[in-house]
Amino acid sequence: MNPSGSTNLICLLGSPVSHSISPQMHNTAFDALGLDFSYMAFDVDKTNLKTAVNGLKVLNAKGFNLTMPLKTAIIPLLDDIDDAAKLANSVNTCVYENGSLKGYSTDGIGFLESMTDSNIEYVGKTITMLGAGGAATAIVTQAALEGVKKINILKRRNSSFAATEDFADLLTKSTECDVMVYDINDSSIMKFCLEESDILINGTNVGMGDDDTSLVPIDFLYPELTVCDVIYHPPETKLLREAKSVGCKTMNGKYMLLYQGAAAFKLWTGKDMPIELIKSSCFDK
C-alpha cells in the first residue's frame, strides 16, 4: 500500500473491529486492481457514530462498512437507503457521493452467495433463523426475495419482538415467502421449527470468540439438517461442532464476509473484486 494525496478512504465502523479481516481483504483487492483506495477499521459505537460519520463526510471518504452494533443505528443518519436495506431495517454498506450518503444491505447477498459457494440449495426450502439482529434480518430479507419457501425466526420475547413480527408480516406480504416469528426460549417451538426445516442459521453472536455455547440442544439436530453460522471467529462454533458430530452439513460465516465485501467493493469502485485471489490470500490459508 502506497497512499497518495488523492487516495480514497474506505473504512469499517463497529465495536469490536480489531478481529476483522475486512481491511486485509479490501486492501489486497485494491492493490491487485491498481486502485488508489485504502481501507481501515475504526472502533466506533452508538454513542459516537454520528460524530464519526460527520467526520468521514468532512474527510470526503468514499464510503464505509458497518458491523455490530451499528447496522440499524446508522439509518437515521442516511440521506437515502436501498429497498433491501429498508425491508431489513439494516445497513452494512454506505456510499458517500455528491454530498449524499446512501445505505445498502449486502449481508444477505453475501450469505446466500456463500451458501451457493458451499453447494447449499435454498430456493424452495424452509429455513429457521436464530436471532433478528442486523445480519439476521438482512439474510431473511434476501432469502425471502430470492425464493425461500418459509422462514421461522426464533428470537427473545423482548421489547423488539412486536417489531420483528411486523417485519415478518411485511416480508410475507411483499414476497412469496411465509415468514413467522417465535419465542426462542420455547424449546418445543424450536424443536418443531427445526423438524420442518431444511436449513438452520445462527444469526446471533452466541458462540463468537471465547463464548463456547450454543442456543440449540444437540438432540434437536439431525443429519438431514444443514447448519450454518454467520460467525467466522472461531471457524467452528459449538453449534457447528455439534452439528457436524451428528452428521449435518455445516458452513460458517467466512465466505459471507467475502461475498458481502465483494458486493460493497462493487458499489464503491464499480469494479468486480478478484474473488479467487481474495479467497486464497485472505480466507483459505
# chains A, B, ... in the order shown; residues from 1 in each chain; ligands from 1
$ residues_around --residues "A:Ser114" --least-positions-apart "4" --cutoff "10 Å" --atoms "only C-alpha atoms" --output "number ranges by chain"
A: 108-110, 118-120, 251-260
$ closest_atom_pairs --of "stretch 45-82 of chain A" --to "stretch 205-220 of chain A" --cutoff "12 Å" --atoms "only C-alpha atoms" --output "JSON lines"
{"residue": "A:Thr67", "atom": "CA", "partner": "A:Asn205", "partner_atom": "CA", "distance": 11.8}
{"residue": "A:Met68", "atom": "CA", "partner": "A:Asn205", "partner_atom": "CA", "distance": 9.5}
{"residue": "A:Pro69", "atom": "CA", "partner": "A:Asn205", "partner_atom": "CA", "distance": 11.0}
$ residues_around --residues "A:Leu221" --least-positions-apart "6" --cutoff "12 Å" --atoms "only C-alpha atoms" --output "PDB file with N, CA and C atoms, in the first residue's frame"
ATOM      1  N   MET A 190     -38.908 -24.487  19.195  1.00  0.00           N
ATOM      2  CA  MET A 190     -37.641 -24.647  18.488  1.00  0.00           C
ATOM      3  C   MET A 190     -37.541 -26.033  17.870  1.00  0.00           C
ATOM      4  N   LYS A 191     -37.897 -27.058  18.632  1.00  0.00           N
ATOM      5  CA  LYS A 191     -37.824 -28.431  18.130  1.00  0.00           C
ATOM      6  C   LYS A 191     -38.734 -28.601  16.913  1.00  0.00           C
ATOM      7  N   PHE A 192     -39.958 -28.051  16.976  1.00  0.00           N
ATOM      8  CA  PHE A 192     -40.895 -28.135  15.855  1.00  0.00           C
ATOM      9  C   PHE A 192     -40.338 -27.426  14.622  1.00  0.00           C
ATOM     10  N   CYS A 193     -39.795 -26.225  14.823  1.00  0.00           N
ATOM     11  CA  CYS A 193     -39.256 -25.456  13.695  1.00  0.00           C
ATOM     12  C   CYS A 193     -38.107 -26.199  13.016  1.00  0.00           C
ATOM     13  N   LEU A 194     -37.232 -26.788  13.811  1.00  0.00           N
ATOM     14  CA  LEU A 194     -36.090 -27.499  13.228  1.00  0.00           C
ATOM     15  C   LEU A 194     -36.534 -28.765  12.506  1.00  0.00           C
ATOM     16  N   GLU A 195     -37.546 -29.422  13.035  1.00  0.00           N
ATOM     17  CA  GLU A 195     -38.035 -30.645  12.397  1.00  0.00           C
ATOM     18  C   GLU A 195     -38.587 -30.385  10.998  1.00  0.00           C
ATOM     19  N   GLU A 196     -39.162 -29.196  10.771  1.00  0.00           N
ATOM     20  CA  GLU A 196     -39.729 -28.899   9.465  1.00  0.00           C
ATOM     21  C   GLU A 196     -38.748 -28.149   8.551  1.00  0.00           C
ATOM     22  N   SER A 197     -37.537 -27.889   9.045  1.00  0.00           N
ATOM     23  CA  SER A 197     -36.585 -27.069   8.299  1.00  0.00           C
ATOM     24  C   SER A 197     -35.584 -27.897   7.508  1.00  0.00           C
ATOM     25  N   ASP A 198     -35.116 -27.299   6.431  1.00  0.00           N
ATOM     26  CA  ASP A 198     -34.003 -27.854   5.657  1.00  0.00           C
ATOM     27  C   ASP A 198     -32.679 -27.240   6.106  1.00  0.00           C
ATOM     28  N   ILE A 199     -32.745 -25.981   6.566  1.00  0.00           N
ATOM     29  CA  ILE A 199     -31.544 -25.221   6.909  1.00  0.00           C
ATOM     30  C   ILE A 199     -31.761 -24.480   8.224  1.00  0.00           C
ATOM     31  N   LEU A 200     -30.759 -24.536   9.108  1.00  0.00           N
ATOM     32  CA  LEU A 200     -30.731 -23.750  10.344  1.00  0.00           C
ATOM     33  C   LEU A 200     -29.586 -22.753  10.235  1.00  0.00           C
ATOM     34  N   SER A 214     -24.056 -22.764  22.768  1.00  0.00           N
ATOM     35  CA  SER A 214     -24.941 -22.893  21.618  1.00  0.00           C
ATOM     36  C   SER A 214     -26.377 -22.695  22.078  1.00  0.00           C
ATOM     37  N   LEU A 215     -27.206 -22.136  21.209  1.00  0.00           N
ATOM     38  CA  LEU A 215     -28.616 -21.928  21.525  1.00  0.00           C
ATOM     39  C   LEU A 215     -29.454 -23.176  21.259  1.00  0.00           C
ATOM     40  N   VAL A 227     -26.639 -26.903   8.723  1.00  0.00           N
ATOM     41  CA  VAL A 227     -26.485 -25.931   9.811  1.00  0.00           C
ATOM     42  C   VAL A 227     -25.413 -24.907   9.443  1.00  0.00           C
ATOM     43  N   LEU A 239     -22.125 -24.795  18.054  1.00  0.00           N
ATOM     44  CA  LEU A 239     -23.254 -25.242  17.235  1.00  0.00           C
ATOM     45  C   LEU A 239     -22.767 -26.040  16.030  1.00  0.00           C
ATOM     46  N   LEU A 240     -21.784 -25.525  15.313  1.00  0.00           N
ATOM     47  CA  LEU A 240     -21.290 -26.232  14.124  1.00  0.00           C
ATOM     48  C   LEU A 240     -20.564 -27.520  14.507  1.00  0.00           C
ATOM     49  N   ARG A 241     -19.839 -27.482  15.606  1.00  0.00           N
ATOM     50  CA  ARG A 241     -19.118 -28.667  16.050  1.00  0.00           C
ATOM     51  C   ARG A 241     -20.093 -29.792  16.387  1.00  0.00           C
ATOM     52  N   GLU A 242     -21.169 -29.459  17.109  1.00  0.00           N
ATOM     53  CA  GLU A 242     -22.148 -30.483  17.474  1.00  0.00           C
ATOM     54  C   GLU A 242     -22.951 -30.929  16.254  1.00  0.00           C
ATOM     55  N   ALA A 243     -23.248 -29.995  15.356  1.00  0.00           N
ATOM     56  CA  ALA A 243     -23.977 -30.365  14.136  1.00  0.00           C
ATOM     57  C   ALA A 243     -23.157 -31.344  13.299  1.00  0.00           C
ATOM     58  N   LYS A 244     -21.878 -31.065  13.175  1.00  0.00           N
ATOM     59  CA  LYS A 244     -21.004 -31.962  12.408  1.00  0.00           C
ATOM     60  C   LYS A 244     -20.945 -33.346  13.052  1.00  0.00           C
ATOM     61  N   SER A 245     -20.981 -33.375  14.392  1.00  0.00           N
ATOM     62  CA  SER A 245     -20.866 -34.652  15.093  1.00  0.00           C
ATOM     63  C   SER A 245     -22.075 -35.552  14.874  1.00  0.00           C
ATOM     64  N   VAL A 246     -23.231 -34.959  14.521  1.00  0.00           N
ATOM     65  CA  VAL A 246     -24.416 -35.790  14.259  1.00  0.00           C
ATOM     66  C   VAL A 246     -24.648 -35.998  12.760  1.00  0.00           C
ATOM     67  N   GLY A 247     -23.715 -35.501  11.936  1.00  0.00           N
ATOM     68  CA  GLY A 247     -23.782 -35.772  10.508  1.00  0.00           C
ATOM     69  C   GLY A 247     -24.357 -34.667   9.643  1.00  0.00           C
ATOM     70  N   CYS A 248     -24.551 -33.478  10.208  1.00  0.00           N
ATOM     71  CA  CYS A 248     -25.081 -32.357   9.426  1.00  0.00           C
ATOM     72  C   CYS A 248     -24.003 -31.768   8.522  1.00  0.00           C
ATOM     73  N   LYS A 249     -24.411 -31.287   7.376  1.00  0.00           N
ATOM     74  CA  LYS A 249     -23.539 -30.431   6.582  1.00  0.00           C
ATOM     75  C   LYS A 249     -23.487 -29.082   7.274  1.00  0.00           C
ATOM     76  N   THR A 250     -22.299 -28.463   7.358  1.00  0.00           N
ATOM     77  CA  THR A 250     -22.152 -27.210   8.088  1.00  0.00           C
ATOM     78  C   THR A 250     -21.432 -26.159   7.241  1.00  0.00           C
TER      79      THR A 250
END
$ closest_atom_pairs --of "stretch 24-133 of chain A" --to "stretch 273-282 of chain A" --cutoff "10 Å" --atoms "only C-alpha atoms" --output "tab-separated table"
residue	atom	partner	partner_atom	distance
A:Gln24	CA	A:Cys282	CA	7.0
A:Met25	CA	A:Cys282	CA	6.1
A:His26	CA	A:Met273	CA	8.4
A:Asn27	CA	A:Ile278	CA	10.0
A:Thr28	CA	A:Ile278	CA	7.1
A:Ala29	CA	A:Met273	CA	6.2
A:Phe30	CA	A:Met273	CA	8.4
A:Ala32	CA	A:Pro274	CA	7.9
A:Leu33	CA	A:Pro274	CA	8.2
$ atom_distance --atom1 "atom CA of A:Asn65" --atom2 "atom CA of A:Leu12"
4.6 Å
$ select_by_dssp --residues "stretch 191-241 of chain A" --states "helix (DSSP H, G or I)" --output "list in words"
Lys191, Phe192, Cys193, Leu194, Glu195, Ile218, Asp219, Phe220, Lys238, Leu239, Leu240 and Arg241 of chain A
$ write_last_selection --atoms "C-alpha atoms" --output "short mmCIF file (atom, residue, chain, number, x, y, z; two decimals), in the first residue's frame"
data_model
loop_
_atom_site.label_atom_id
_atom_site.label_comp_id
_atom_site.auth_asym_id
_atom_site.auth_seq_id
_atom_site.Cartn_x
_atom_site.Cartn_y
_atom_site.Cartn_z
CA LYS A 191 -37.82 -28.43 18.13
CA PHE A 192 -40.89 -28.13 15.86
CA CYS A 193 -39.26 -25.46 13.69
CA LEU A 194 -36.09 -27.50 13.23
CA GLU A 195 -38.04 -30.64 12.40
CA ILE A 218 -27.67 -31.22 20.28
CA ASP A 219 -30.59 -33.67 20.35
CA PHE A 220 -32.62 -31.22 18.18
CA LYS A 238 -20.08 -25.13 19.38
CA LEU A 239 -23.25 -25.24 17.23
CA LEU A 240 -21.29 -26.23 14.12
CA ARG A 241 -19.12 -28.67 16.05
#
$ closest_residue --among "A:Gly14, A:Leu101, A:Thr269, A:Asn89" --to "A:Leu56" --atoms "only C-alpha atoms"
A:Leu101
$ residues_around --residues "A:Lys86" --least-positions-apart "6" --cutoff "12 Å" --atoms "only C-alpha atoms" --output "ChimeraX atom specification"
/A:71-72,75-76,78,80,92,102-105,134,137-138,141-142,167,170-171
$ write_last_selection --atoms "N, CA, C and O atoms" --output "short mmCIF file (atom, residue, chain, number, x, y, z; two decimals), in the first residue's frame"
data_model
loop_
_atom_site.label_atom_id
_atom_site.label_comp_id
_atom_site.auth_asym_id
_atom_site.auth_seq_id
_atom_site.Cartn_x
_atom_site.Cartn_y
_atom_site.Cartn_z
N LYS A 71 -25.69 -1.41 12.64
CA LYS A 71 -26.36 -1.60 11.36
C LYS A 71 -27.76 -0.98 11.29
O LYS A 71 -28.24 -0.67 10.21
N THR A 72 -28.38 -0.82 12.44
CA THR A 72 -29.66 -0.11 12.49
C THR A 72 -29.47 1.33 12.94
O THR A 72 -30.15 2.24 12.46
N ILE A 75 -29.17 4.23 10.31
CA ILE A 75 -30.26 4.58 9.39
C ILE A 75 -30.74 6.03 9.52
O ILE A 75 -30.93 6.71 8.50
N PRO A 76 -30.92 6.57 10.73
CA PRO A 76 -31.37 7.98 10.82
C PRO A 76 -30.36 8.98 10.26
O PRO A 76 -30.71 10.14 10.00
N LEU A 78 -28.75 8.62 7.37
CA LEU A 78 -28.64 8.46 5.92
C LEU A 78 -29.53 9.44 5.16
O LEU A 78 -30.59 9.84 5.64
N ASP A 80 -30.39 8.44 1.96
CA ASP A 80 -31.14 7.52 1.11
C ASP A 80 -30.81 6.10 1.53
O ASP A 80 -29.78 5.85 2.18
N ASN A 92 -25.29 -2.26 6.09
CA ASN A 92 -23.91 -2.62 6.39
C ASN A 92 -22.90 -1.95 5.46
O ASN A 92 -21.70 -2.05 5.66
N LYS A 102 -25.76 7.19 1.08
CA LYS A 102 -26.78 6.16 0.82
C LYS A 102 -26.37 4.84 1.45
O LYS A 102 -25.20 4.44 1.38
N GLY A 103 -27.35 4.18 2.08
CA GLY A 103 -27.09 2.92 2.75
C GLY A 103 -27.61 1.73 1.96
O GLY A 103 -28.65 1.80 1.30
N TYR A 104 -26.86 0.64 2.02
CA TYR A 104 -27.20 -0.60 1.33
C TYR A 104 -27.07 -1.77 2.30
O TYR A 104 -26.37 -1.69 3.31
N SER A 105 -27.72 -2.86 1.95
CA SER A 105 -27.55 -4.11 2.69
C SER A 105 -26.95 -5.15 1.76
O SER A 105 -27.60 -5.59 0.81
N GLY A 134 -29.21 -7.21 12.89
CA GLY A 134 -28.95 -6.67 11.56
C GLY A 134 -28.60 -7.71 10.52
O GLY A 134 -29.19 -7.74 9.43
N THR A 137 -31.71 -10.20 9.92
CA THR A 137 -32.81 -9.64 9.14
C THR A 137 -32.41 -9.42 7.68
O THR A 137 -33.23 -9.58 6.78
N ALA A 138 -31.15 -9.07 7.45
CA ALA A 138 -30.68 -8.91 6.08
C ALA A 138 -30.71 -10.23 5.33
O ALA A 138 -31.13 -10.29 4.16
N THR A 141 -34.39 -11.23 4.72
CA THR A 141 -34.96 -10.42 3.64
C THR A 141 -34.52 -10.91 2.28
O THR A 141 -35.34 -11.12 1.37
N GLN A 142 -33.22 -11.12 2.11
CA GLN A 142 -32.70 -11.55 0.81
C GLN A 142 -33.20 -12.95 0.47
O GLN A 142 -33.52 -13.25 -0.69
N PHE A 167 -42.08 -6.85 10.90
CA PHE A 167 -41.12 -7.11 9.82
C PHE A 167 -41.49 -8.39 9.07
O PHE A 167 -41.50 -8.44 7.83
N LEU A 170 -44.58 -7.87 6.94
CA LEU A 170 -44.26 -7.09 5.74
C LEU A 170 -43.59 -7.96 4.68
O LEU A 170 -43.93 -7.89 3.50
N LEU A 171 -42.64 -8.80 5.11
CA LEU A 171 -41.97 -9.69 4.16
C LEU A 171 -42.94 -10.69 3.55
O LEU A 171 -42.88 -10.98 2.35
#
